[in-house]
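What follows is work_1.txt (compact mmCIF, C-alpha atoms).
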```txt
# COMPACT_ATOMS: atom_id res chain seq x y z
CA GLY G 1 14.74 10.51 -5.16
CA GLU G 2 11.46 8.72 -4.58
CA ASP G 3 8.48 10.93 -3.89
CA VAL G 4 4.88 10.36 -4.99
CA GLU G 5 2.26 13.05 -4.53
CA GLN G 6 -1.51 13.09 -4.78
CA SER G 7 -4.23 15.52 -3.86
CA LEU G 8 -5.98 14.50 -0.64
CA PHE G 9 -9.65 14.78 -1.57
CA LEU G 10 -11.96 14.53 -4.59
CA SER G 11 -15.73 14.76 -4.61
CA VAL G 12 -17.89 13.80 -7.60
CA ARG G 13 -21.54 13.16 -8.33
CA GLU G 14 -22.75 9.66 -9.06
CA GLY G 15 -22.60 8.92 -12.79
CA ASP G 16 -19.88 11.49 -13.49
CA SER G 17 -16.29 10.61 -14.32
CA SER G 18 -13.60 10.85 -11.64
CA VAL G 19 -10.00 11.72 -12.40
CA ILE G 20 -7.39 11.09 -9.73
CA ASN G 21 -3.94 12.48 -10.35
CA CYS G 22 -0.49 11.48 -9.19
CA THR G 23 2.99 12.87 -9.76
CA TYR G 24 6.22 11.06 -9.16
CA THR G 25 9.82 12.12 -9.28
CA ASP G 26 11.85 9.01 -10.06
CA SER G 27 12.25 8.58 -13.81
CA SER G 28 13.55 5.03 -13.39
CA SER G 29 10.14 3.71 -12.35
CA THR G 30 9.34 0.45 -14.11
CA TYR G 31 5.72 -0.12 -13.13
CA LEU G 32 3.08 2.20 -11.76
CA TYR G 33 0.06 0.98 -9.85
CA TRP G 34 -3.32 2.11 -8.62
CA TYR G 35 -4.64 0.60 -5.40
CA LYS G 36 -8.05 1.06 -3.73
CA GLN G 37 -8.61 1.03 0.03
CA GLU G 38 -12.08 0.81 1.52
CA PRO G 39 -12.58 1.97 5.13
CA GLY G 40 -10.73 -0.12 7.69
CA ALA G 41 -9.45 -2.58 5.09
CA GLY G 42 -6.27 -3.46 3.26
CA LEU G 43 -5.34 -2.32 -0.23
CA GLN G 44 -6.68 -3.92 -3.39
CA LEU G 45 -4.83 -3.66 -6.68
CA LEU G 46 -7.05 -1.99 -9.29
CA THR G 47 -4.77 -1.71 -12.27
CA TYR G 48 -1.19 -1.09 -13.32
CA ILE G 49 0.76 0.28 -16.25
CA PHE G 50 4.24 -0.44 -17.52
CA SER G 51 6.48 2.57 -17.82
CA ASN G 52 6.78 2.08 -21.58
CA MET G 53 3.03 2.49 -22.08
CA ASP G 54 1.01 5.71 -22.41
CA MET G 55 -2.46 4.41 -21.72
CA LYS G 56 -4.27 1.38 -20.42
CA GLN G 57 -8.01 0.78 -20.31
CA ASP G 58 -9.71 -1.82 -18.14
CA GLN G 59 -13.53 -1.66 -18.15
CA ARG G 60 -14.45 1.60 -16.35
CA LEU G 61 -10.83 2.40 -15.54
CA THR G 62 -8.43 4.31 -17.77
CA VAL G 63 -4.84 4.95 -16.77
CA LEU G 64 -2.83 7.66 -18.51
CA LEU G 65 0.92 8.02 -18.13
CA ASN G 66 2.85 11.11 -19.15
CA LYS G 67 6.50 10.15 -18.66
CA LYS G 68 7.81 13.55 -19.68
CA ASP G 69 5.90 15.27 -16.88
CA LYS G 70 6.04 12.21 -14.56
CA HIS G 71 2.28 12.37 -14.25
CA LEU G 72 -0.10 9.45 -13.79
CA SER G 73 -3.87 9.62 -13.74
CA LEU G 74 -6.74 7.25 -13.06
CA ARG G 75 -10.09 7.95 -14.69
CA ILE G 76 -13.16 6.14 -13.37
CA ALA G 77 -16.09 6.32 -15.77
CA ASP G 78 -19.70 6.36 -14.52
CA THR G 79 -18.58 6.67 -10.89
CA GLN G 80 -20.76 4.79 -8.41
CA THR G 81 -21.21 5.12 -4.64
CA GLY G 82 -19.28 1.86 -4.27
CA ASP G 83 -16.25 3.63 -5.72
CA SER G 84 -16.00 5.80 -2.59
CA ALA G 85 -12.62 4.89 -1.10
CA ILE G 86 -9.02 6.02 -0.82
CA TYR G 87 -7.00 5.58 -4.00
CA PHE G 88 -3.22 5.20 -3.87
CA CYS G 89 -0.79 5.40 -6.72
CA ALA G 90 2.50 3.57 -6.27
CA GLU G 91 5.70 3.27 -8.24
CA ARG G 92 8.06 0.33 -8.44
CA ILE G 93 11.65 0.97 -9.24
CA GLY G 94 13.74 -1.83 -10.65
CA GLY G 95 16.03 -3.62 -8.19
CA GLY G 96 16.32 -2.64 -4.53
CA GLY G 97 14.12 -5.39 -3.12
CA ASN G 98 11.16 -4.74 -5.41
CA LYS G 99 9.83 -2.10 -3.09
CA LEU G 100 6.90 0.14 -3.85
CA THR G 101 6.70 3.82 -3.01
CA PHE G 102 3.15 4.90 -2.31
CA GLY G 103 1.52 8.28 -2.72
CA THR G 104 -0.36 9.95 0.10
CA GLY G 105 -3.71 8.68 -1.16
CA THR G 106 -6.77 10.50 -2.55
CA GLN G 107 -10.07 10.19 -0.70
CA LEU G 108 -12.83 9.90 -3.32
CA LYS G 109 -16.34 10.76 -2.16
CA VAL G 110 -19.23 9.98 -4.48
CA GLU G 111 -22.37 11.98 -3.83
CA LEU G 112 -25.89 11.15 -4.98
CA ASP M 1 -8.85 -19.98 0.19
CA GLY M 2 -5.49 -18.40 -0.40
CA GLY M 3 -4.70 -15.07 1.16
CA ILE M 4 -3.04 -13.01 3.84
CA THR M 5 -4.32 -12.86 7.38
CA GLN M 6 -3.41 -10.37 10.06
CA SER M 7 -4.32 -10.64 13.68
CA PRO M 8 -5.64 -9.15 15.76
CA LYS M 9 -7.79 -6.60 13.93
CA TYR M 10 -7.64 -4.19 16.88
CA LEU M 11 -4.86 -4.06 19.45
CA PHE M 12 -4.41 -1.89 22.50
CA ARG M 13 -1.11 -1.41 24.24
CA LYS M 14 0.00 0.43 27.31
CA GLU M 15 2.97 2.73 27.01
CA GLY M 16 6.25 0.93 27.59
CA GLN M 17 5.00 -2.47 26.42
CA ASN M 18 6.19 -4.43 23.42
CA VAL M 19 3.50 -5.89 21.21
CA THR M 20 3.66 -8.35 18.29
CA LEU M 21 1.44 -8.18 15.21
CA SER M 22 0.87 -11.37 13.29
CA CYS M 23 0.98 -11.78 9.49
CA GLU M 24 0.48 -15.12 7.78
CA GLN M 25 0.14 -15.96 4.08
CA ASN M 26 -0.64 -19.20 2.27
CA LEU M 27 0.08 -17.86 -1.20
CA ASN M 28 3.57 -19.38 -1.32
CA HIS M 29 5.01 -15.90 -1.80
CA ASP M 30 8.69 -15.35 -1.17
CA ALA M 31 8.55 -11.65 -0.31
CA MET M 32 6.70 -10.06 2.58
CA TYR M 33 6.37 -6.44 3.69
CA TRP M 34 5.19 -4.36 6.65
CA TYR M 35 3.77 -0.87 6.19
CA ARG M 36 2.52 1.74 8.56
CA GLN M 37 -0.40 3.98 7.53
CA ASP M 38 -1.14 7.35 9.13
CA PRO M 39 -3.85 9.75 7.95
CA GLY M 40 -2.71 11.90 5.05
CA GLN M 41 0.71 10.22 4.84
CA GLY M 42 0.05 7.17 2.72
CA LEU M 43 1.92 3.97 3.41
CA ARG M 44 5.47 3.91 4.72
CA LEU M 45 7.63 0.81 4.57
CA ILE M 46 8.87 -0.51 7.91
CA TYR M 47 10.62 -3.79 7.03
CA TYR M 48 10.62 -6.24 4.17
CA SER M 49 11.86 -9.75 3.58
CA GLN M 50 12.63 -11.34 0.24
CA ILE M 51 13.48 -14.78 1.55
CA VAL M 52 13.31 -16.83 4.73
CA ASN M 53 15.83 -15.86 7.42
CA ASP M 54 16.61 -12.55 5.73
CA PHE M 55 15.03 -9.11 6.04
CA GLN M 56 15.90 -5.48 5.42
CA LYS M 57 14.98 -2.18 7.00
CA GLY M 58 12.56 0.05 5.20
CA ASP M 59 12.17 3.79 5.55
CA ILE M 60 10.93 3.87 9.17
CA ALA M 61 12.40 0.80 10.90
CA GLU M 62 13.37 2.51 14.17
CA GLY M 63 11.41 1.08 17.12
CA TYR M 64 10.32 -2.02 15.21
CA SER M 65 11.71 -5.54 14.80
CA VAL M 66 10.78 -8.51 12.62
CA SER M 67 11.65 -12.16 12.08
CA ARG M 68 11.21 -14.49 9.11
CA GLU M 69 11.70 -18.02 10.35
CA LYS M 70 9.06 -19.48 8.05
CA LYS M 71 8.03 -18.57 4.52
CA GLU M 72 4.41 -18.18 5.61
CA SER M 73 4.96 -15.88 8.58
CA PHE M 74 6.41 -12.40 9.08
CA PRO M 75 5.57 -11.08 12.57
CA LEU M 76 6.23 -7.44 13.47
CA THR M 77 7.12 -6.38 17.01
CA VAL M 78 6.44 -2.80 18.00
CA THR M 79 8.86 -2.06 20.81
CA SER M 80 8.70 0.51 23.57
CA ALA M 81 11.35 2.45 21.64
CA GLN M 82 8.73 3.41 19.02
CA LYS M 83 7.64 6.84 20.23
CA ASN M 84 4.40 7.15 18.31
CA PRO M 85 3.12 3.65 17.60
CA THR M 86 -0.60 4.38 17.22
CA ALA M 87 -1.35 3.65 13.55
CA PHE M 88 -2.85 1.20 11.09
CA TYR M 89 -0.38 -1.56 10.18
CA LEU M 90 -0.58 -3.39 6.88
CA CYS M 91 1.22 -6.55 5.84
CA ALA M 92 1.71 -7.52 2.19
CA SER M 93 3.30 -10.32 0.22
CA SER M 94 4.39 -10.79 -3.37
CA ILE M 95 5.80 -13.55 -5.50
CA SER M 96 8.47 -11.41 -7.10
CA GLY M 97 7.65 -7.85 -6.17
CA TRP M 98 5.32 -7.70 -9.14
CA GLU M 99 1.97 -7.35 -7.36
CA GLN M 100 1.72 -6.91 -3.64
CA PHE M 101 -1.28 -8.55 -1.98
CA PHE M 102 -2.38 -6.90 1.25
CA GLY M 103 -3.83 -8.24 4.45
CA PRO M 104 -6.82 -6.57 6.18
CA GLY M 105 -4.61 -4.63 8.61
CA THR M 106 -4.24 -4.25 12.38
CA ARG M 107 -5.14 -1.03 14.14
CA LEU M 108 -2.83 -0.45 17.08
CA THR M 109 -3.75 2.07 19.76
CA VAL M 110 -1.47 3.05 22.62
CA LEU M 111 -3.35 3.90 25.79
```
Rendering of file as structure tokens:
Amino acid sequence: GEDVEQSLFLSVREGDSSVINCTYTDSSSTYLYWYKQEPGAGLQLLTYIFSNMDMKQDQRLTVLLNKKDKHLSLRIADTQTGDSAIYFCAERIGGGGNKLTFGTGTQLKVEL
Amino acid sequence: DGGITQSPKYLFRKEGQNVTLSCEQNLNHDAMYWYRQDPGQGLRLIYYSQIVNDFQKGDIAEGYSVSREKKESFPLTVTSAQKNPTAFYLCASSISGWEQFFGPGTRLTVL
């Protein structure tokens, strides 16, 4: 089945690292994505990882994938107030119209 | 500028009325998608279209209808059969399902 779960809230202090976690259930996922949504706006793709990779780093962002546990995480280094947003993980499963299944989203609040 | 536009940004509807949400893209993408977003529930797929004149139901299609007469346009109609239509609606497009680009969304409120 297709089910993606995330914790709803995360609060961090400015300058600290943030880690947002995601678990998924479908082992046939081909790509996994992290999207960012600012208030009242659409989603913006932050980064992605292929299912045959374990880690991907892109400037302040690090994505870790544990396929055995079906666990995906997004680490934001030196978190800034501008990082406050909702973060969604999503999985794409091969075939089937190239649909994405999104997680529930994690609201990140960055405090001074 | 290439991108996806949705209009209007805010929409109010009386109970029992149908309403149509617009989605236009000039990215030359083949695939287009409609999602509904409710607090704490993430995004749920309503309908998607991979090619002109063809579309498929997503996970929550009941009470909604779509058309895809042009590559650039994928309007969504929220019918009176949708029992709880108040939500934030997001349209997306992709060239091959690889990366979905999202519009700014339409917030629909039923009065």
Show me, as a Markdown table, the residues of chain M having an atom within 8 Å of chain G, each with the closest atom pair and its distance in Å, using only C-alpha atoms.
```
| residue | atom | partner | partner_atom | distance |
| --- | --- | --- | --- | --- |
| M:Gly40 | CA | G:Thr104 | CA | 5.8 |
| M:Gln41 | CA | G:Thr104 | CA | 4.9 |
| M:Gly42 | CA | G:Thr104 | CA | 3.8 |
| M:Leu43 | CA | G:Phe102 | CA | 5.9 |
| M:Arg44 | CA | G:Phe102 | CA | 7.5 |
| M:Gln50 | CA | G:Gly97 | CA | 7.0 |
| M:Leu90 | CA | G:Gly42 | CA | 6.7 |
| M:Ser96 | CA | G:Asn98 | CA | 7.4 |
| M:Gly97 | CA | G:Asn98 | CA | 4.8 |
| M:Trp98 | CA | G:Asn98 | CA | 7.5 |
| M:Glu99 | CA | G:Leu45 | CA | 7.8 |
| M:Gln100 | CA | G:Leu45 | CA | 7.9 |
| M:Phe101 | CA | G:Gln44 | CA | 7.3 |
| M:Phe102 | CA | G:Gly42 | CA | 5.6 |
| M:Gly103 | CA | G:Gly42 | CA | 5.5 |
| M:Pro104 | CA | G:Gly42 | CA | 4.3 |
| M:Gly105 | CA | G:Gly42 | CA | 5.7 |
```
Do a neighbour search on Tyr64 of chain M at 12 Å with all atoms listed in the file, toss out local chain neighbours closer than 4 positions, and write the hits as a PyMOL selection string. chain M and resi 18-21+34-36+45-48+56-60+75-85+89
Write out as a list in words the residues lying within 12 Å of Ile49 of chain G, counting only C-alpha atoms and excluding same-chain residues fewer than 6 positions away. Ser29, Thr30, Tyr31, Leu32, Tyr33, Trp34, Met55, Lys56, Gln57, Asp58, Leu61, Thr62, Val63, Leu64, Leu65, Asn66, Lys67, Leu72, Ser73, Leu74, Cys89, Ala90, Glu91 and Arg92 of chain G; Trp98 and Glu99 of chain M
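Note that atom CA of Lys68 of chain G and atom CA of Leu10 of chain G are 24.9 Å apart.
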Give as a list in words the set of residues within 6 Å of the point (-16.3, 1.8, -14.9), where distances use the file's coordinates and only C-alpha atoms.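 Residues with an atom close enough to that point: Gln59, Arg60, Leu61, Ile76, Ala77 and Asp78 of chain G.
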One decimal, in Å: what's the spacing between atom CA of Asp83 of chain G and atom CA of Phe88 of chain M?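 Going from atom CA of Asp83 of chain G over to atom CA of Phe88 of chain M covers 21.6 Å.
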What gap, in Å, lies between atom CA of Leu108 of chain M and atom CA of Ser65 of chain M? 15.6 Å
Exercise: Arg107 of chain M partners within 8 Å, only C-alpha atoms, chain neighbours under 5 positions left out, as a list of chain:residue names: M:Lys9, M:Tyr10, M:Leu11, M:Thr86, M:Ala87, M:Phe88, M:Tyr89
Can you list, as a ChimeraX atom specification, every protein, DNA or RNA residue that comes within 8 Å of segment 23-27 of chain M when you count only C-alpha atoms, leaving out same-chain residues fewer than 6 positions away? /M:2-7,72-76,91,93,103
Counting all atoms listed in the file, note down every residue that has an atom within 7 Å of the point (-25.0, 6.6, -5.2) (file coordinates), as a PyMOL selection string. chain G and resi 14+80-81+110-112
Export of the given selection (C-alpha atoms) as a PDB file, keeping the file's coordinate frame:
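Wrote selection_25.pdb, looks like this:
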```
ATOM      1  CA  GLU G  14     -22.750   9.660  -9.060  1.00  0.00           C
ATOM      2  CA  GLN G  80     -20.760   4.790  -8.410  1.00  0.00           C
ATOM      3  CA  THR G  81     -21.210   5.120  -4.640  1.00  0.00           C
ATOM      4  CA  VAL G 110     -19.230   9.980  -4.480  1.00  0.00           C
ATOM      5  CA  GLU G 111     -22.370  11.980  -3.830  1.00  0.00           C
ATOM      6  CA  LEU G 112     -25.890  11.150  -4.980  1.00  0.00           C
TER       7      LEU G 112
END
```
